[in-house]
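Q: Hey, dropping input-v6.txt in here, compact mmCIF, C-alpha atoms:
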```txt
# COMPACT_ATOMS: atom_id res chain seq x y z
CA MET A 1369 -61.87 16.45 14.62
CA ARG A 1370 -64.75 14.17 14.22
CA ARG A 1371 -66.83 11.70 16.16
CA LEU A 1372 -67.00 8.06 15.25
CA ALA A 1373 -68.57 5.14 17.06
CA GLY A 1374 -67.07 2.62 19.40
CA GLY A 1375 -68.14 -0.97 19.68
CA GLY A 1376 -66.64 -4.34 19.04
CA MET A 1377 -64.01 -4.50 21.77
CA ASN A 1378 -64.31 -4.52 25.54
CA ASP A 1379 -61.65 -1.85 26.05
CA GLU A 1380 -63.16 0.54 23.53
CA PRO A 1381 -65.35 3.55 24.34
CA ASP A 1382 -68.91 2.69 23.36
CA SER A 1383 -71.02 4.88 21.11
CA GLN A 1384 -73.12 6.27 23.96
CA GLN A 1385 -70.01 7.37 25.84
CA ILE A 1386 -68.66 9.09 22.73
CA ARG A 1387 -71.99 10.81 22.12
CA ARG A 1388 -72.04 12.12 25.69
CA TYR A 1389 -68.53 13.50 25.31
CA TRP A 1390 -69.29 15.38 22.09
CA GLU A 1391 -72.99 16.31 22.19
CA ARG A 1392 -73.60 20.08 22.25
CA ASP A 1393 -77.27 20.91 21.82
CA GLY A 1394 -77.89 24.07 19.83
CA LEU A 1395 -74.34 24.24 18.47
CA GLY A 1396 -75.42 25.23 14.96
CA GLU A 1397 -77.62 28.03 16.25
CA ARG A 1398 -74.79 29.21 18.53
CA ILE A 1399 -72.40 29.37 15.57
CA LEU A 1400 -74.84 31.51 13.62
CA ASP A 1401 -75.31 33.74 16.68
CA VAL A 1402 -71.53 34.21 16.94
CA LEU A 1403 -71.33 35.17 13.28
CA ARG A 1404 -74.25 37.56 13.60
CA GLU A 1405 -72.78 39.16 16.73
CA SER A 1406 -69.47 39.67 14.93
CA GLY A 1407 -71.25 41.63 12.21
CA ARG A 1408 -71.44 38.98 9.52
CA ASP A 1409 -74.29 38.95 7.02
CA LEU A 1410 -75.68 35.43 7.36
CA ASP A 1411 -76.99 35.58 3.80
CA ALA A 1412 -73.46 36.19 2.49
CA LEU A 1413 -71.50 33.50 4.32
CA THR A 1414 -68.63 31.69 2.60
CA ILE A 1415 -66.56 28.66 3.51
CA ASP A 1416 -63.70 31.00 4.44
CA ILE A 1417 -65.83 33.01 6.85
CA LEU A 1418 -67.05 29.78 8.44
CA ALA A 1419 -63.64 28.11 8.62
CA PRO A 1420 -62.78 29.06 12.25
CA LEU A 1421 -66.15 27.66 13.30
CA ASP A 1422 -66.50 24.48 11.27
CA GLN A 1423 -63.01 22.99 10.70
CA PHE A 1424 -62.47 20.95 13.88
CA HIS A 1425 -59.07 19.36 13.22
CA GLY A 1426 -55.38 20.21 13.30
CA GLY A 1427 -54.39 22.72 10.64
CA GLY A 1428 -57.94 23.90 9.91
CA LYS A 1429 -59.07 24.64 6.37
CA PRO A 1430 -55.53 24.79 4.88
CA ALA A 1431 -55.00 21.18 6.04
CA THR A 1432 -58.25 20.17 4.33
CA GLU A 1433 -57.11 21.79 1.09
CA ARG A 1434 -53.71 20.14 1.40
CA LEU A 1435 -55.18 16.66 1.81
CA ALA A 1436 -57.56 17.20 -1.11
CA ARG A 1437 -54.62 18.09 -3.36
CA LEU A 1438 -52.67 15.10 -2.07
CA ALA A 1439 -55.63 12.87 -2.96
CA ASN A 1440 -55.95 14.53 -6.39
CA LEU A 1441 -59.68 15.13 -6.00
CA THR A 1442 -61.51 16.12 -9.17
CA PRO A 1443 -64.97 17.55 -9.95
CA SER A 1444 -67.90 15.16 -9.55
CA THR A 1445 -65.90 12.85 -7.26
CA ARG A 1446 -68.31 11.20 -4.84
CA VAL A 1447 -66.85 11.41 -1.34
CA LEU A 1448 -67.89 9.87 1.97
CA ASP A 1449 -66.58 11.98 4.88
CA VAL A 1450 -66.61 9.63 7.86
CA GLY A 1451 -66.82 11.45 11.18
CA GLY A 1452 -67.41 14.66 9.23
CA GLY A 1453 -68.99 16.57 12.10
CA LEU A 1454 -70.12 20.07 11.18
CA GLY A 1455 -69.17 19.57 7.55
CA GLY A 1456 -66.45 22.19 7.13
CA PRO A 1457 -64.21 19.86 5.11
CA ALA A 1458 -67.19 18.55 3.13
CA ARG A 1459 -68.26 22.06 2.12
CA THR A 1460 -64.65 22.86 1.20
CA LEU A 1461 -64.49 19.80 -1.06
CA ALA A 1462 -67.81 20.78 -2.66
CA VAL A 1463 -66.95 24.43 -3.29
CA MET A 1464 -63.23 24.26 -4.10
CA PHE A 1465 -62.98 20.84 -5.76
CA GLY A 1466 -66.49 20.25 -7.15
CA CYS A 1467 -67.13 17.07 -5.16
CA GLN A 1468 -70.43 15.52 -4.10
CA VAL A 1469 -70.07 14.69 -0.40
CA ASP A 1470 -71.99 12.55 2.07
CA VAL A 1471 -71.10 13.21 5.72
CA LEU A 1472 -71.53 10.49 8.34
CA ASP A 1473 -71.27 11.36 12.03
CA LEU A 1474 -72.33 9.69 15.25
CA THR A 1475 -73.35 12.88 17.08
CA GLU A 1476 -76.81 14.16 16.23
CA SER A 1477 -76.16 17.75 17.33
CA TYR A 1478 -73.20 17.97 14.93
CA VAL A 1479 -75.26 16.57 12.06
CA HIS A 1480 -78.03 19.08 12.86
CA ALA A 1481 -75.49 21.92 12.97
CA GLY A 1482 -73.82 20.77 9.76
CA THR A 1483 -77.14 20.61 7.94
CA LEU A 1484 -78.07 24.08 9.21
CA LEU A 1485 -74.78 25.62 8.05
CA THR A 1486 -74.91 23.83 4.70
CA ASP A 1487 -78.43 25.11 4.08
CA GLN A 1488 -77.28 28.62 5.02
CA LEU A 1489 -74.57 28.42 2.35
CA ARG A 1490 -77.05 26.94 -0.13
CA LEU A 1491 -74.93 23.81 -0.62
CA SER A 1492 -77.47 21.15 0.33
CA ASP A 1493 -77.54 19.88 -3.26
CA ARG A 1494 -73.85 18.94 -2.95
CA VAL A 1495 -73.40 18.04 0.74
CA ARG A 1496 -75.70 15.65 2.62
CA PHE A 1497 -75.58 14.55 6.26
CA HIS A 1498 -76.33 11.23 7.95
CA VAL A 1499 -76.32 10.14 11.59
CA GLY A 1500 -74.54 6.80 11.75
CA ASN A 1501 -71.89 4.47 13.14
CA ALA A 1502 -68.54 4.39 11.35
CA LEU A 1503 -68.21 0.67 12.13
CA GLU A 1504 -71.56 -0.07 10.46
CA LEU A 1505 -71.48 2.08 7.33
CA PRO A 1506 -75.06 2.29 5.97
CA PHE A 1507 -74.01 2.35 2.31
CA ASP A 1508 -73.82 -0.20 -0.49
CA ASP A 1509 -70.54 -1.76 -1.62
CA GLY A 1510 -68.57 0.46 -3.98
CA SER A 1511 -70.77 3.52 -3.41
CA PHE A 1512 -67.98 6.10 -3.28
CA ASP A 1513 -64.94 7.21 -5.23
CA VAL A 1514 -63.21 8.39 -2.05
CA VAL A 1515 -63.56 7.81 1.67
CA TRP A 1516 -62.26 10.86 3.53
CA THR A 1517 -61.53 11.15 7.25
CA GLN A 1518 -59.75 13.89 9.21
CA ASN A 1519 -58.87 13.37 12.88
CA SER A 1520 -61.62 10.82 13.32
CA GLY A 1521 -60.28 7.49 14.53
CA MET A 1522 -58.86 8.37 17.93
CA ASN A 1523 -61.73 6.81 19.92
CA ILE A 1524 -61.89 3.55 17.95
CA ALA A 1525 -59.97 0.43 18.94
CA ASP A 1526 -61.40 -1.89 16.28
CA LYS A 1527 -59.51 -0.15 13.50
CA ALA A 1528 -59.31 -3.30 11.39
CA ARG A 1529 -63.10 -3.30 11.17
CA LEU A 1530 -63.10 0.47 10.50
CA TYR A 1531 -60.73 0.28 7.54
CA GLY A 1532 -62.35 -2.90 6.30
CA GLY A 1533 -65.62 -0.99 6.12
CA PHE A 1534 -63.94 1.83 4.23
CA HIS A 1535 -62.56 -0.70 1.73
CA ARG A 1536 -66.04 -2.14 1.20
CA VAL A 1537 -67.76 1.16 0.29
CA ILE A 1538 -64.99 2.45 -2.01
CA ARG A 1539 -65.32 1.41 -5.64
CA PRO A 1540 -62.40 -0.47 -7.22
CA GLY A 1541 -59.90 2.15 -8.33
CA GLY A 1542 -61.08 4.59 -5.66
CA ARG A 1543 -59.10 6.10 -2.81
CA LEU A 1544 -58.87 6.54 0.94
CA ALA A 1545 -57.69 9.97 2.14
CA LEU A 1546 -56.95 10.53 5.80
CA GLN A 1547 -55.43 12.82 8.38
CA GLU A 1548 -54.77 11.40 11.83
CA PRO A 1549 -52.85 12.11 15.04
CA LEU A 1550 -50.59 9.18 15.95
CA LEU A 1551 -48.16 8.18 18.66
CA GLY A 1552 -44.74 9.77 18.48
CA THR A 1553 -41.42 8.36 19.67
CA VAL A 1554 -41.76 9.94 23.15
CA GLN A 1555 -44.41 8.59 25.50
CA PRO A 1556 -46.78 8.92 27.27
CA VAL A 1557 -49.24 11.35 25.69
CA ILE A 1558 -50.35 14.08 28.09
CA TYR A 1559 -54.12 14.42 28.63
CA PRO A 1560 -56.69 15.90 28.33
CA GLN A 1561 -56.64 16.22 24.55
CA MET A 1562 -59.35 17.49 22.20
CA TRP A 1563 -60.76 14.00 21.70
CA ALA A 1564 -60.32 12.48 25.17
CA ARG A 1565 -60.00 13.45 28.80
CA ASP A 1566 -57.71 10.53 29.56
CA GLU A 1567 -55.86 7.60 28.02
CA ALA A 1568 -58.76 5.19 28.59
CA SER A 1569 -60.84 6.76 25.82
CA SER A 1570 -57.96 7.51 23.43
CA ILE A 1571 -56.99 4.74 21.01
CA LEU A 1572 -53.85 5.75 19.11
CA LEU A 1573 -51.39 3.77 16.97
CA THR A 1574 -47.85 4.41 15.82
CA PRO A 1575 -47.43 5.51 12.20
CA ASP A 1576 -45.97 2.12 11.23
CA ASP A 1577 -48.80 0.22 12.87
CA LEU A 1578 -51.51 2.32 11.20
CA ARG A 1579 -49.93 2.02 7.77
CA THR A 1580 -49.61 -1.76 8.16
CA LEU A 1581 -53.21 -2.11 9.34
CA ILE A 1582 -54.57 -0.11 6.37
CA GLU A 1583 -52.52 -2.14 3.92
CA GLN A 1584 -53.80 -5.35 5.52
CA ALA A 1585 -57.35 -4.09 4.85
CA GLY A 1586 -56.52 -4.26 1.13
CA PHE A 1587 -55.27 -0.75 0.33
CA GLY A 1588 -52.11 0.25 -1.52
CA LEU A 1589 -50.07 3.23 -0.37
CA VAL A 1590 -49.97 6.28 -2.65
CA ALA A 1591 -48.70 9.02 -0.31
CA TRP A 1592 -47.70 9.21 3.36
CA GLU A 1593 -46.54 12.55 4.79
CA ASP A 1594 -45.73 13.79 8.28
CA VAL A 1595 -47.59 17.11 8.52
CA THR A 1596 -47.04 17.80 12.20
CA ALA A 1597 -45.30 21.11 11.53
CA VAL A 1598 -48.28 22.52 9.59
CA THR A 1599 -51.21 20.97 11.47
CA SER A 1600 -50.38 21.39 15.16
CA LEU A 1601 -52.68 23.57 17.22
CA ALA A 1602 -52.74 27.30 16.52
CA PRO A 1603 -52.37 29.88 19.32
CA LEU A 1604 -55.39 30.99 21.30
CA PRO A 1605 -57.40 33.78 19.62
CA ALA A 1606 -56.69 37.32 20.74
CA PRO A 1607 -58.82 38.81 23.54
CA GLY A 1608 -62.07 40.12 22.11
CA ALA A 1609 -61.89 38.02 18.95
CA PRO A 1610 -64.92 35.84 18.14
CA PRO A 1611 -64.64 32.38 19.72
CA THR A 1612 -63.43 29.46 17.64
CA LEU A 1613 -65.29 26.18 17.34
CA GLN A 1614 -62.86 24.66 19.85
CA ALA A 1615 -63.84 27.35 22.35
CA LEU A 1616 -67.55 26.75 21.79
CA VAL A 1617 -67.14 23.00 22.31
CA LEU A 1618 -64.58 22.87 25.14
CA GLY A 1619 -65.24 26.14 26.97
CA ASP A 1620 -63.05 26.64 30.04
CA GLU A 1621 -61.14 23.41 29.31
CA LEU A 1622 -59.65 24.79 26.11
CA PRO A 1623 -56.50 26.52 27.46
CA LEU A 1624 -55.32 23.32 29.20
CA VAL A 1625 -56.17 21.16 26.21
CA ARG A 1626 -54.30 23.45 23.85
CA ALA A 1627 -51.29 23.66 26.17
CA ASN A 1628 -51.17 19.87 26.37
CA GLY A 1629 -51.50 19.58 22.61
CA THR A 1630 -48.65 21.99 22.00
CA ARG A 1631 -46.44 20.11 24.45
CA ASN A 1632 -47.32 16.72 22.95
CA PHE A 1633 -46.39 17.84 19.43
CA ASP A 1634 -43.33 19.84 20.47
CA GLU A 1635 -41.93 16.93 22.51
CA GLY A 1636 -42.66 14.28 19.89
CA ARG A 1637 -45.38 12.52 21.89
CA LEU A 1638 -47.83 13.01 19.01
CA VAL A 1639 -47.39 13.38 15.26
CA ASN A 1640 -49.90 14.21 12.55
CA ILE A 1641 -49.90 12.42 9.22
CA GLN A 1642 -51.79 12.81 5.97
CA ALA A 1643 -52.00 9.77 3.73
CA VAL A 1644 -53.65 8.53 0.56
CA PHE A 1645 -54.24 4.89 -0.36
CA ASP A 1646 -55.63 3.24 -3.50
CA ARG A 1647 -58.38 0.64 -3.37
CA PRO A 1648 -57.44 -1.93 -6.09
```
Please, can you express the file's structure as structure tokens?
A:
Amino acid sequence: MRRLAGGGMNDEPDSQQIRRYWERDGLGERILDVLRESGRDLDALTIDILAPLDQFHGGGKPATERLARLANLTPSTRVLDVGGGLGGPARTLAVMFGCQVDVLDLTESYVHAGTLLTDQLRLSDRVRFHVGNALELPFDDGSFDVVWTQNSGMNIADKARLYGGFHRVIRPGGRLALQEPLLGTVQPVIYPQMWARDEASSILLTPDDLRTLIEQAGFGLVAWEDVTAVTSLAPLPAPGAPPTLQALVLGDELPLVRANGTRNFDEGRLVNIQAVFDRP
């Protein structure tokens, strides 16, 4: 799950509010401490060792790999990961698929942590981090082959502007690859969730509405798959196991958040989709 910016609509969480919700000073150092305390050699870290601590979205690293295959990523593809947080997906795309990845995230502590972990894995030549607003992408037109986003749009109401910006920075013939939680057929959603304490700061669409909005931004559908069954929240770690990233971020709130998430997916209040669109 990643942090984007608000802005543009009166009923939308603003960027300062989103930053306050997500900021965790020293998160990168804490992750390295957890790894060290669990006996890991910090000079021999891999993306698989880091996965429980840097893949902050439903389904974890396997979901990242699944979406990359769905998008048919190839070596040397230039990717912009919008709301890329700690960079777990970006490092996966770099190592497993040979991509060059720029990560944009609103939250400075996540960008600091992502840079720290990327340097530790000696991947800074393939993965770069930027602090920035997803609604004001600081990149030239047609800069990327692929815009990638996993669980990143839940705090943004001005989604037309969001996907319009994605369309602008993707070169003609490029692609948009996304994973997103959406409204199911049963309502309301039960809060708190990972990305919001209440409905006021959670901006979700139905699958049909999101697909229509993206197509109106100028994209053509390539693949659209309901992946709820393979991306819903995993059980809590066993007692004594190293904490996950979700535990480091949410602390004592995590059991309730996870219980609500399980109920929302089981009862059809939320669904997860993965989708790929072409940019003509």
Q: Out of A:Gly1451, A:Pro1457, A:Pro1443, A:Gly1407, which residue has the shortest atom-to-atom distance to A:Met1522 when counting all atoms listed in the file?
A: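 For A:Met1522, the nearest of the candidates is A:Gly1451.
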Q: Quick check, in Å to one decimal: how far apart do atom CA of A:Leu1616 and atom CA of A:Leu1395 lie?
A: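 It comes out at 8.0 Å.
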Q: For A:Val1514, which residue among A:Gly1586, A:Gly1455, A:Pro1540, A:Gly1500 is the nearest when counting all atoms listed in the file?
A: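 Of A:Gly1586, A:Gly1455, A:Pro1540, A:Gly1500, the one nearest A:Val1514, counting all atoms listed in the file, is A:Pro1540.
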Q: Could you give me, as a CSV table (one decimal) with C-alpha atoms, in the coordinates of the input, the residues within 12 Å of A:Thr1483, counting only C-alpha atoms and dropping anything in the same chain fewer than 6 positions from it?
A:
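Heads up, here's the output in result-v8.csv:
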```
chain,number,residue,atom,x,y,z
A,1395,LEU,CA,-74.3,24.2,18.5
A,1396,GLY,CA,-75.4,25.2,15.0
A,1397,GLU,CA,-77.6,28.0,16.2
A,1422,ASP,CA,-66.5,24.5,11.3
A,1452,GLY,CA,-67.4,14.7,9.2
A,1453,GLY,CA,-69.0,16.6,12.1
A,1454,LEU,CA,-70.1,20.1,11.2
A,1455,GLY,CA,-69.2,19.6,7.6
A,1456,GLY,CA,-66.4,22.2,7.1
A,1458,ALA,CA,-67.2,18.6,3.1
A,1459,ARG,CA,-68.3,22.1,2.1
A,1470,ASP,CA,-72.0,12.6,2.1
A,1471,VAL,CA,-71.1,13.2,5.7
A,1472,LEU,CA,-71.5,10.5,8.3
A,1473,ASP,CA,-71.3,11.4,12.0
A,1476,GLU,CA,-76.8,14.2,16.2
A,1477,SER,CA,-76.2,17.8,17.3
A,1489,LEU,CA,-74.6,28.4,2.4
A,1490,ARG,CA,-77.0,26.9,-0.1
A,1491,LEU,CA,-74.9,23.8,-0.6
A,1492,SER,CA,-77.5,21.2,0.3
A,1493,ASP,CA,-77.5,19.9,-3.3
A,1494,ARG,CA,-73.8,18.9,-3.0
A,1495,VAL,CA,-73.4,18.0,0.7
A,1496,ARG,CA,-75.7,15.6,2.6
A,1497,PHE,CA,-75.6,14.6,6.3
A,1498,HIS,CA,-76.3,11.2,8.0
A,1499,VAL,CA,-76.3,10.1,11.6
```
Q: Do you have the atom CA of A:Leu1485-atom CA of A:Val1537 distance handy?
A: 26.6 Å
